[in-house]
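A.B. asks: Structure below; questions to follow.
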Amino acid sequence: MKKVLVATVVLAAFGASAFAAAVPVTKINAGETKISAEYSVSNKSANDSKRRNGFGISAQQGLSDKVGAQYSFNKVHRTGADINDHQLTGAYAVHPNVNVYGAGTYVDMGDKHSGFGYQAGVIGHTQLSDKVEGYAKAGFGNDIKHTFQVGASYGLRPDIDLNVYYQYDQYKMNETKNDVKGLHAGVGYSF
């Protein structure tokens, strides 16, 4: 019943999304699935004069104790065409506090500005206290997307965590550049 309820909430969040991002893959546990919903509380895009709020989702799967996969959908409402960003990420734990990742991205910025790209980067994470984990992520790719993120997760229960982070994304396609930055808060459920 819990899984059905969580899946329903995530699908509802996906339908209402205005901007989404994802907590990076930090802890990787074989066979563990994690779904998350994030809310952006003050996003600013380069071509907009006002800040926007939104919603988003991601799903993560531990394939082994060192390898994980994550899918995230990002949608940025902005003046003109929205930015729709789908990303499939593979992460590998190279150290107990460091993961490297590679990602395939499909970005649609409207008006014939869409395409596939790639991104690679590093995720650092550490326990700040018994229940708080801090993390930082830097990702670089072809001109489609660059990402920088810093945040923390609070373990509310063993299967539920609360997250807050700041993220900066730079999208560039066909000489059209858009920077999007803002504060995000969310919840993750692991099973």
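Residue numbers start at 1 in each chain; chains themselves are named A, B, ... in the order of the structure tokens; ligands are numbered from 1 in the order shown.
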Write out as a ChimeraX atom specification which residues come within 7 Å of Gly68 (chain A) when counting only C-alpha atoms, dropping same-chain ones fewer than 6 positions away.

C.D. replies: /A:28,61-62,90-92

A.B. asks: What's around region 161-165 of chain A at 10 Å? Count only C-alpha atoms, leave out sequence neighbours fewer than 6 positions away in its own chain, and write the answer as a VMD selection string.

C.D. replies: chain A and resid 21 to 23 36 to 40 131 to 136 149 to 155 182 to 190

A.B. asks: Please measure the separation of CA of Val100 (chain A) and CA of Pro24 (chain A), giving the value in Å to one decimal.

C.D. replies: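 Calculated distance between CA of Val100 (chain A) and CA of Pro24 (chain A) is 10.6 Å.
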